[in-house]
file entry_21.cif (mmCIF, C-alpha atoms)
data_coords
loop_
_atom_site.group_PDB
_atom_site.id
_atom_site.type_symbol
_atom_site.label_atom_id
_atom_site.label_comp_id
_atom_site.auth_asym_id
_atom_site.auth_seq_id
_atom_site.Cartn_x
_atom_site.Cartn_y
_atom_site.Cartn_z
ATOM 1 C CA MET A 21 68.209 -4.231 6.762
ATOM 2 C CA ASN A 22 68.772 -3.145 10.355
ATOM 3 C CA GLU A 23 66.941 0.062 9.686
ATOM 4 C CA PHE A 24 63.979 -1.812 8.244
ATOM 5 C CA MET A 25 63.850 -4.110 11.294
ATOM 6 C CA GLY A 26 64.124 -1.131 13.624
ATOM 7 C CA LEU A 27 61.365 0.786 11.899
ATOM 8 C CA SER A 28 59.049 -2.220 12.014
ATOM 9 C CA PHE A 29 59.695 -2.603 15.759
ATOM 10 C CA ILE A 30 58.862 1.100 16.188
ATOM 11 C CA MET A 31 55.631 0.603 14.227
ATOM 12 C CA ILE A 32 54.602 -2.374 16.399
ATOM 13 C CA GLY A 33 55.358 -0.353 19.512
ATOM 14 C CA LEU A 34 53.256 2.569 18.331
ATOM 15 C CA VAL A 35 50.298 0.278 17.614
ATOM 16 C CA PHE A 36 50.477 -1.291 21.096
ATOM 17 C CA ASP A 37 50.831 2.130 22.728
ATOM 18 C CA PHE A 38 47.727 3.274 20.891
ATOM 19 C CA PHE A 39 45.690 0.279 22.058
ATOM 20 C CA GLY A 40 46.949 0.754 25.607
ATOM 21 C CA CYS A 41 45.662 4.320 25.596
ATOM 22 C CA LEU A 42 42.388 3.210 24.022
ATOM 23 C CA GLY A 43 42.009 0.814 26.956
ATOM 24 C CA LEU A 44 42.041 3.797 29.301
ATOM 25 C CA VAL A 45 38.781 4.926 27.708
ATOM 26 C CA ARG A 46 37.134 1.538 27.180
ATOM 27 C CA PHE A 47 37.627 -0.239 30.522
ATOM 28 C CA PRO A 48 35.215 0.425 33.399
ATOM 29 C CA ASP A 49 37.292 1.042 36.556
ATOM 30 C CA ILE A 50 40.763 2.098 37.658
ATOM 31 C CA TYR A 51 42.136 -1.435 38.145
ATOM 32 C CA ASN A 52 41.220 -2.607 34.649
ATOM 33 C CA ARG A 53 42.517 0.621 33.185
ATOM 34 C CA LEU A 54 45.821 0.045 34.942
ATOM 35 C CA HIS A 55 45.894 -3.447 33.420
ATOM 36 C CA SER A 56 45.697 -2.193 29.879
ATOM 37 C CA SER A 57 47.926 0.819 30.352
ATOM 38 C CA ILE A 58 50.693 -1.022 32.178
ATOM 39 C CA LYS A 59 50.904 -4.034 29.878
ATOM 40 C CA CYS A 60 50.496 -2.400 26.501
ATOM 41 C CA VAL A 61 52.371 0.799 27.244
ATOM 42 C CA THR A 62 55.343 -0.909 28.899
ATOM 43 C CA MET A 63 55.877 -3.392 26.100
ATOM 44 C CA GLY A 64 55.033 -0.828 23.417
ATOM 45 C CA THR A 65 57.590 1.617 24.733
ATOM 46 C CA CYS A 66 60.157 -1.165 25.124
ATOM 47 C CA SER A 67 59.531 -2.110 21.510
ATOM 48 C CA ILE A 68 60.034 1.489 20.350
ATOM 49 C CA LEU A 69 63.299 1.702 22.305
ATOM 50 C CA PHE A 70 64.484 -1.637 20.907
ATOM 51 C CA GLY A 71 63.720 -0.401 17.417
ATOM 52 C CA LEU A 72 65.801 2.695 18.137
ATOM 53 C CA PHE A 73 68.657 0.410 19.238
ATOM 54 C CA LEU A 74 68.407 -1.566 15.998
ATOM 55 C CA CYS A 75 68.476 1.642 13.934
ATOM 56 C CA LYS A 76 71.390 3.212 15.804
ATOM 57 C CA GLY A 77 73.498 0.131 16.594
ATOM 58 C CA PHE A 78 76.198 0.254 19.266
ATOM 59 C CA THR A 79 76.365 4.032 19.586
ATOM 60 C CA PRO A 80 75.706 6.116 22.744
ATOM 61 C CA ALA A 81 72.055 6.583 21.761
ATOM 62 C CA GLY A 82 71.528 2.866 21.122
ATOM 63 C CA ILE A 83 73.061 1.748 24.405
ATOM 64 C CA LYS A 84 71.027 4.352 26.313
ATOM 65 C CA ALA A 85 67.881 2.934 24.699
ATOM 66 C CA LEU A 86 68.804 -0.575 25.907
ATOM 67 C CA LEU A 87 69.398 0.701 29.451
ATOM 68 C CA CYS A 88 66.034 2.497 29.339
ATOM 69 C CA ILE A 89 64.333 -0.820 28.503
ATOM 70 C CA LEU A 90 65.916 -2.377 31.603
ATOM 71 C CA PHE A 91 64.864 0.450 33.924
ATOM 72 C CA LEU A 92 61.370 0.623 32.437
ATOM 73 C CA LEU A 93 60.818 -3.108 32.957
ATOM 74 C CA LEU A 94 62.010 -2.822 36.563
ATOM 75 C CA THR A 95 60.068 0.293 37.563
ATOM 76 C CA SER A 96 56.748 0.421 35.717
ATOM 77 C CA PRO A 97 55.182 -2.657 37.423
ATOM 78 C CA VAL A 98 56.133 -1.125 40.769
ATOM 79 C CA SER A 99 54.334 2.093 39.877
ATOM 80 C CA ALA A 100 51.252 0.106 38.840
ATOM 81 C CA HIS A 101 51.321 -1.719 42.155
ATOM 82 C CA VAL A 102 51.594 1.546 44.102
ATOM 83 C CA LEU A 103 48.731 3.175 42.170
ATOM 84 C CA ALA A 104 46.439 0.170 42.616
ATOM 85 C CA ARG A 105 47.256 -0.223 46.310
ATOM 86 C CA SER A 106 46.751 3.442 47.123
ATOM 87 C CA ALA A 107 43.478 3.476 45.168
ATOM 88 C CA HIS A 108 42.244 0.475 47.135
ATOM 89 C CA LYS A 109 43.359 1.951 50.466
ATOM 90 C CA SER A 110 41.620 5.249 49.781
ATOM 91 C CA GLY A 111 38.374 3.416 49.092
ATOM 92 C CA VAL A 112 37.958 3.314 45.320
ATOM 93 C CA LYS A 113 35.301 0.672 44.620
ATOM 94 C CA LEU A 114 35.731 -2.163 42.148
ATOM 95 C CA TRP A 115 33.485 -2.271 39.091
ATOM 96 C CA GLU A 116 29.958 -3.689 39.751
ATOM 97 C CA GLY A 117 30.665 -6.714 37.545
ATOM 98 C CA SER A 118 33.604 -7.794 39.705
ATOM 99 C CA VAL A 119 33.483 -11.324 41.046
ATOM 100 C CA CYS A 120 35.301 -11.174 44.363
ATOM 101 C CA ASP A 121 37.459 -8.925 46.520
ATOM 102 C CA LYS A 122 39.578 -11.023 48.889
ATOM 103 C CA TYR A 123 41.730 -8.030 49.789
ATOM 104 C CA ALA A 124 38.825 -6.058 51.300
ATOM 105 C CA GLU A 125 37.569 -9.199 53.084
ATOM 106 C CA ASP A 126 40.950 -9.792 54.680
ATOM 107 C CA LYS A 127 41.269 -6.172 55.704
ATOM 108 C CA GLU A 128 37.871 -6.328 57.392
ATOM 109 C CA LYS A 129 38.909 -9.474 59.243
ATOM 110 C CA ASP A 130 42.052 -7.726 60.465
ATOM 111 C CA ALA A 131 40.045 -4.715 61.584
ATOM 112 C CA ILE A 132 37.663 -6.904 63.657
ATOM 113 C CA SER A 133 40.318 -9.051 65.342
ATOM 114 C CA MET B 23 81.800 -2.816 53.400
ATOM 115 C CA ARG B 24 81.905 -5.565 50.776
ATOM 116 C CA ASN B 25 78.397 -4.850 49.528
ATOM 117 C CA ARG B 26 79.407 -1.201 49.026
ATOM 118 C CA ILE B 27 82.333 -2.325 46.849
ATOM 119 C CA ILE B 28 80.128 -4.572 44.710
ATOM 120 C CA LEU B 29 77.545 -1.793 44.374
ATOM 121 C CA PHE B 30 80.349 0.571 43.336
ATOM 122 C CA ILE B 31 81.470 -1.827 40.599
ATOM 123 C CA ILE B 32 77.908 -2.273 39.301
ATOM 124 C CA GLY B 33 77.274 1.478 39.365
ATOM 125 C CA PHE B 34 80.505 2.244 37.553
ATOM 126 C CA PHE B 35 79.716 -0.392 34.904
ATOM 127 C CA ILE B 36 76.257 1.101 34.287
ATOM 128 C CA TRP B 37 77.763 4.595 34.103
ATOM 129 C CA MET B 38 80.292 3.485 31.489
ATOM 130 C CA LEU B 39 77.471 1.878 29.464
ATOM 131 C CA LEU B 40 75.513 5.104 29.738
ATOM 132 C CA VAL B 41 78.279 7.349 28.367
ATOM 133 C CA TRP B 42 79.686 4.623 26.034
ATOM 134 C CA SER B 43 83.074 6.210 25.433
ATOM 135 C CA LEU B 44 86.346 5.116 26.956
ATOM 136 C CA ASP B 45 88.116 8.352 27.879
ATOM 137 C CA ILE B 46 89.588 9.486 31.150
ATOM 138 C CA GLN B 47 87.241 12.386 31.891
ATOM 139 C CA HIS B 48 84.087 10.287 31.835
ATOM 140 C CA ALA B 49 85.793 7.569 33.858
ATOM 141 C CA VAL B 50 86.832 10.018 36.605
ATOM 142 C CA ILE B 51 83.330 11.483 36.888
ATOM 143 C CA GLY B 52 81.936 7.947 36.917
ATOM 144 C CA ILE B 53 84.208 6.969 39.800
ATOM 145 C CA PHE B 54 82.972 9.946 41.844
ATOM 146 C CA VAL B 55 79.290 9.322 41.086
ATOM 147 C CA ALA B 56 79.494 5.574 41.700
ATOM 148 C CA ALA B 57 81.382 6.111 44.962
ATOM 149 C CA MET B 58 78.759 8.567 46.182
ATOM 150 C CA VAL B 59 75.890 6.256 45.287
ATOM 151 C CA ALA B 60 77.635 3.296 46.901
ATOM 152 C CA PHE B 61 78.331 5.314 50.062
ATOM 153 C CA LEU B 62 74.767 6.604 50.399
ATOM 154 C CA THR B 63 72.740 3.497 49.500
ATOM 155 C CA GLY B 64 75.134 0.654 50.315
ATOM 156 C CA ASP B 65 73.145 -0.565 53.308
ATOM 157 C CA MET B 66 70.001 -0.979 51.181
ATOM 158 C CA PHE B 67 71.844 -3.388 48.886
ATOM 159 C CA THR B 68 71.573 -7.155 49.312
ATOM 160 C CA LYS B 69 73.014 -8.728 52.448
ATOM 161 C CA ARG B 70 73.648 -12.167 50.949
ATOM 162 C CA LEU B 71 76.657 -11.472 48.775
ATOM 163 C CA HIS B 72 77.739 -15.085 48.287
ATOM 164 C CA TYR B 73 74.765 -15.452 45.904
ATOM 165 C CA PHE B 74 76.717 -13.490 43.309
ATOM 166 C CA ALA B 75 79.273 -16.303 43.133
ATOM 167 C CA HIS B 76 76.829 -19.087 42.221
ATOM 168 C CA PRO B 77 76.848 -19.700 38.432
ATOM 169 C CA VAL B 78 73.720 -21.872 38.629
ATOM 170 C CA ARG B 79 71.686 -18.815 39.631
ATOM 171 C CA TYR B 80 72.789 -16.927 36.507
ATOM 172 C CA PHE B 81 71.847 -19.918 34.384
ATOM 173 C CA TRP B 82 68.328 -20.044 35.832
ATOM 174 C CA PHE B 83 68.010 -16.276 35.399
ATOM 175 C CA LEU B 84 68.934 -16.593 31.720
ATOM 176 C CA TYR B 85 66.249 -19.278 31.434
ATOM 177 C CA TYR B 86 63.740 -16.943 33.112
ATOM 178 C CA VAL B 87 64.291 -13.912 30.821
ATOM 179 C CA PRO B 88 62.996 -15.361 27.485
ATOM 180 C CA LEU B 89 60.034 -16.949 29.293
ATOM 181 C CA PHE B 90 59.218 -13.544 30.779
ATOM 182 C CA ILE B 91 59.429 -11.780 27.402
ATOM 183 C CA TRP B 92 57.173 -14.423 25.847
ATOM 184 C CA GLU B 93 54.595 -13.915 28.610
ATOM 185 C CA CYS B 94 54.767 -10.130 28.080
ATOM 186 C CA ALA B 95 54.090 -10.506 24.368
ATOM 187 C CA LYS B 96 51.136 -12.797 25.089
ATOM 188 C CA ALA B 97 49.816 -10.271 27.611
ATOM 189 C CA ASN B 98 49.929 -7.551 24.963
ATOM 190 C CA ILE B 99 47.996 -9.571 22.414
ATOM 191 C CA GLU B 100 45.390 -10.558 24.987
ATOM 192 C CA SER B 101 44.978 -7.024 26.301
ATOM 193 C CA THR B 102 44.647 -5.633 22.772
ATOM 194 C CA TYR B 103 42.016 -8.274 21.997
ATOM 195 C CA LYS B 104 40.015 -7.221 25.059
ATOM 196 C CA VAL B 105 40.211 -3.564 24.085
ATOM 197 C CA ILE B 106 39.034 -3.976 20.492
ATOM 198 C CA HIS B 107 36.315 -6.539 21.284
ATOM 199 C CA PRO B 108 32.900 -4.791 20.983
ATOM 200 C CA ASP B 109 31.608 -5.811 24.435
ATOM 201 C CA VAL B 110 34.742 -5.768 26.594
ATOM 202 C CA PRO B 111 35.015 -9.431 27.799
ATOM 203 C CA ILE B 112 36.284 -9.096 31.376
ATOM 204 C CA LYS B 113 35.323 -10.723 34.669
ATOM 205 C CA PRO B 114 37.578 -8.966 37.180
ATOM 206 C CA GLY B 115 38.213 -9.614 40.847
ATOM 207 C CA ILE B 116 40.928 -9.620 43.499
ATOM 208 C CA VAL B 117 42.135 -13.094 44.441
ATOM 209 C CA LYS B 118 44.644 -14.275 47.003
ATOM 210 C CA ILE B 119 47.581 -16.517 46.101
ATOM 211 C CA LYS B 120 50.181 -18.184 48.240
ATOM 212 C CA THR B 121 53.935 -17.836 47.833
ATOM 213 C CA SER B 122 56.872 -19.545 49.484
ATOM 214 C CA LEU B 123 59.474 -16.944 48.516
ATOM 215 C CA LYS B 124 60.964 -14.967 51.399
ATOM 216 C CA SER B 125 63.698 -12.675 50.066
ATOM 217 C CA ASP B 126 63.068 -9.078 48.981
ATOM 218 C CA ALA B 127 64.437 -9.515 45.474
ATOM 219 C CA GLY B 128 62.519 -12.734 44.894
ATOM 220 C CA LEU B 129 59.207 -11.208 46.004
ATOM 221 C CA THR B 130 59.802 -8.089 43.906
ATOM 222 C CA PHE B 131 60.538 -10.130 40.806
ATOM 223 C CA LEU B 132 57.523 -12.375 41.382
ATOM 224 C CA ALA B 133 55.218 -9.368 41.794
ATOM 225 C CA ASN B 134 56.643 -7.638 38.722
ATOM 226 C CA THR B 135 56.299 -10.805 36.661
ATOM 227 C CA LEU B 136 52.686 -11.217 37.751
ATOM 228 C CA THR B 137 51.984 -7.604 36.821
ATOM 229 C CA LEU B 138 53.325 -8.016 33.283
ATOM 230 C CA LYS B 139 51.815 -11.503 32.807
ATOM 231 C CA PRO B 140 48.521 -11.844 30.882
ATOM 232 C CA GLY B 141 45.545 -10.754 32.928
ATOM 233 C CA THR B 142 47.019 -10.244 36.388
ATOM 234 C CA MET B 143 48.272 -7.318 38.449
ATOM 235 C CA THR B 144 49.758 -7.467 41.953
ATOM 236 C CA ILE B 145 48.099 -5.166 44.472
ATOM 237 C CA ASP B 146 49.648 -6.000 47.827
ATOM 238 C CA ILE B 147 51.990 -8.430 49.551
ATOM 239 C CA ASP B 148 51.453 -9.901 53.002
ATOM 240 C CA ARG B 149 54.970 -10.886 53.968
ATOM 241 C CA GLU B 150 54.311 -12.506 57.352
ATOM 242 C CA ASN B 151 51.882 -15.086 56.016
ATOM 243 C CA GLY B 152 53.259 -15.273 52.476
ATOM 244 C CA PHE B 153 50.218 -14.113 50.513
ATOM 245 C CA LEU B 154 49.931 -11.986 47.386
ATOM 246 C CA TYR B 155 46.740 -10.109 46.513
ATOM 247 C CA VAL B 156 46.316 -10.161 42.756
ATOM 248 C CA HIS B 157 43.801 -8.358 40.576
ATOM 249 C CA TRP B 158 42.808 -10.859 37.899
ATOM 250 C CA ALA B 159 41.001 -9.696 34.756
ATOM 251 C CA ASP B 160 39.078 -12.937 34.242
ATOM 252 C CA VAL B 161 38.739 -14.865 37.467
ATOM 253 C CA ALA B 162 38.737 -18.608 36.807
ATOM 254 C CA SER B 163 38.927 -19.746 40.419
ATOM 255 C CA GLN B 164 38.547 -18.036 43.797
ATOM 256 C CA ASP B 165 40.277 -20.811 45.737
ATOM 257 C CA VAL B 166 43.762 -20.001 47.077
ATOM 258 C CA GLU B 167 45.463 -23.256 46.040
ATOM 259 C CA GLU B 168 43.782 -23.417 42.656
ATOM 260 C CA SER B 169 44.624 -19.851 41.679
ATOM 261 C CA THR B 170 48.198 -20.273 42.927
ATOM 262 C CA ARG B 171 48.563 -23.272 40.653
ATOM 263 C CA MET B 172 47.132 -21.400 37.690
ATOM 264 C CA LEU B 173 49.006 -18.124 38.111
ATOM 265 C CA SER B 174 52.350 -18.260 39.825
ATOM 266 C CA ARG B 175 53.569 -21.842 40.318
ATOM 267 C CA ARG B 176 55.720 -21.928 37.196
ATOM 268 C CA PHE B 177 57.573 -18.670 37.780
ATOM 269 C CA GLU B 178 57.881 -19.249 41.488
ATOM 270 C CA ARG B 179 59.878 -22.435 40.932
ATOM 271 C CA ILE B 180 62.373 -20.632 38.696
ATOM 272 C CA LEU B 181 62.643 -17.573 40.947
ATOM 273 C CA ALA B 182 63.189 -19.771 43.999
ATOM 274 C CA ARG B 183 66.205 -21.240 42.248
ATOM 275 C CA VAL B 184 67.531 -17.773 41.414
ATOM 276 C CA PHE B 185 66.941 -15.790 44.590
ATOM 277 C CA GLU B 186 66.434 -18.183 47.530
#
call {"tool": "encode", "arguments": {"input": "entry_21.cif", "output": "structure tokens"}}
result
Amino acid sequence: MNEFMGLSFIMIGLVFDFFGCLGLVRFPDIYNRLHSSIKCVTMGTCSILFGLFLCKGFTPAGIKALLCILFLLLTSPVSAHVLARSAHKSGVKLWEGSVCDKYAEDKEKDAIS
Amino acid sequence: MRNRIILFIIGFFIWMLLVWSLDIQHAVIGIFVAAMVAFLTGDMFTKRLHYFAHPVRYFWFLYYVPLFIWECAKANIESTYKVIHPDVPIKPGIVKIKTSLKSDAGLTFLANTLTLKPGTMTIDIDRENGFLYVHWADVASQDVEESTRMLSRRFERILARVFE
């Protein structure tokens, strides 16, 4: 039973990982690509690791998988934030269909004053 | 000194989880590694140690975790829907939201939560004025108050009870 549950979690994770990578091709600019890759890939990988924990139970491999989930959830949003911020600072434009860019407006205001 | 001791205990606990076997060799190596980590990075650890002794904070944190996982699952479904839709339905933009949190840990958790929530991703934090710049995949409102209410109000209340 545990093995069945674990394998289904691994399947769900693989599907979400696939759609996250498909988003890298489908979305128009770097910020939207980061959206899809960070959300789908983080939760997809967490789901794969949780499935591994269910298969293995309380063994060294299972506990390591649980710890990896914790570290992944803590670190991957930070990496997304750093990538997006550095892209914006080095002048990567938003997609033409974007509605507003308050960050650039505020930076201009700071530069003038 | 006391924050180094607490960091040592946490580091040793994580090491023992990582090796997951109770014998003396692993424990001795763990003591050395945890002591080195605690010595080198102790001053980056939190300064407000009395927070660890408040049980109410743990309770609110346990309330926050399932809510966070639920939001993550919703974000996945929504993101997958956007990817497989024939004409990608997005209306992106960077909006500004207000926050009242002040502590490092609180701001980090709020930014991470916003990044894994459906449709939003934190880009930068302005700590002096208490603003977060958020990339939103479908902008519903460009007003500061309105977008704060829609995006972060709910989590901010919980995180203020945990970390402030």
call {"tool": "resolve_selection", "arguments": {"input": "entry_21.cif", "expression": "the PyMOL selection byres ((chain B) within 7 of (chain A))", "output": "PyMOL selection string"}}
result
chain B and resi 39-42+97-98+101-102+105+113-118+134+137-138+143-146+155
call {"tool": "resolve_selection", "arguments": {"input": "entry_21.cif", "expression": "the PyMOL selection byres ((chain A and resi 28-30) around 12)", "output": "PDB file with C-alpha atoms, in the coordinates of the input"}}
result
ATOM      1  CA  MET A  21      68.209  -4.231   6.762  1.00  0.00           C
ATOM      2  CA  ASN A  22      68.772  -3.145  10.355  1.00  0.00           C
ATOM      3  CA  GLU A  23      66.941   0.062   9.686  1.00  0.00           C
ATOM      4  CA  PHE A  24      63.979  -1.812   8.244  1.00  0.00           C
ATOM      5  CA  MET A  25      63.850  -4.110  11.294  1.00  0.00           C
ATOM      6  CA  GLY A  26      64.124  -1.131  13.624  1.00  0.00           C
ATOM      7  CA  LEU A  27      61.365   0.786  11.899  1.00  0.00           C
ATOM      8  CA  MET A  31      55.631   0.603  14.227  1.00  0.00           C
ATOM      9  CA  ILE A  32      54.602  -2.374  16.399  1.00  0.00           C
ATOM     10  CA  GLY A  33      55.358  -0.353  19.512  1.00  0.00           C
ATOM     11  CA  LEU A  34      53.256   2.569  18.331  1.00  0.00           C
ATOM     12  CA  VAL A  35      50.298   0.278  17.614  1.00  0.00           C
ATOM     13  CA  PHE A  36      50.477  -1.291  21.096  1.00  0.00           C
ATOM     14  CA  ASP A  37      50.831   2.130  22.728  1.00  0.00           C
ATOM     15  CA  MET A  63      55.877  -3.392  26.100  1.00  0.00           C
ATOM     16  CA  GLY A  64      55.033  -0.828  23.417  1.00  0.00           C
ATOM     17  CA  THR A  65      57.590   1.617  24.733  1.00  0.00           C
ATOM     18  CA  CYS A  66      60.157  -1.165  25.124  1.00  0.00           C
ATOM     19  CA  SER A  67      59.531  -2.110  21.510  1.00  0.00           C
ATOM     20  CA  ILE A  68      60.034   1.489  20.350  1.00  0.00           C
ATOM     21  CA  LEU A  69      63.299   1.702  22.305  1.00  0.00           C
ATOM     22  CA  PHE A  70      64.484  -1.637  20.907  1.00  0.00           C
ATOM     23  CA  GLY A  71      63.720  -0.401  17.417  1.00  0.00           C
ATOM     24  CA  LEU A  72      65.801   2.695  18.137  1.00  0.00           C
ATOM     25  CA  PHE A  73      68.657   0.410  19.238  1.00  0.00           C
ATOM     26  CA  LEU A  74      68.407  -1.566  15.998  1.00  0.00           C
ATOM     27  CA  CYS A  75      68.476   1.642  13.934  1.00  0.00           C
TER      28      CYS A  75
END
call {"tool": "closest_residue", "arguments": {"input": "entry_21.cif", "among": "B:Ala162, B:Ile180, B:Leu29, B:Val55", "to": "B:Phe90", "atoms": "only C-alpha atoms"}}
result
B:Ile180
call {"tool": "resolve_selection", "arguments": {"input": "entry_21.cif", "expression": "the PyMOL selection byres ((chain B and resi 77-82) around 7)", "output": "list of chain:residue names"}}
result
B:Ala75, B:His76, B:Phe83, B:Leu84, B:Tyr85, B:Tyr86, B:Ile180, B:Arg183, B:Val184
call {"tool": "atom_distance", "arguments": {"input": "entry_21.cif", "atom1": "atom CA of B:Val87", "atom2": "atom CA of B:Glu150"}}
result
28.4 Å
call {"tool": "atom_distance", "arguments": {"input": "entry_21.cif", "atom1": "atom CA of B:Val166", "atom2": "atom CA of B:Ser122"}}
result
13.3 Å
call {"tool": "atom_distance", "arguments": {"input": "entry_21.cif", "atom1": "atom CA of B:Phe185", "atom2": "atom CA of B:Phe153"}}
result
17.8 Å
call {"tool": "closest_residue", "arguments": {"input": "entry_21.cif", "among": "B:Thr170, B:Arg149, B:Arg175, B:Pro140", "to": "B:Ile91", "atoms": "all atoms listed in the file"}}
result
B:Pro140
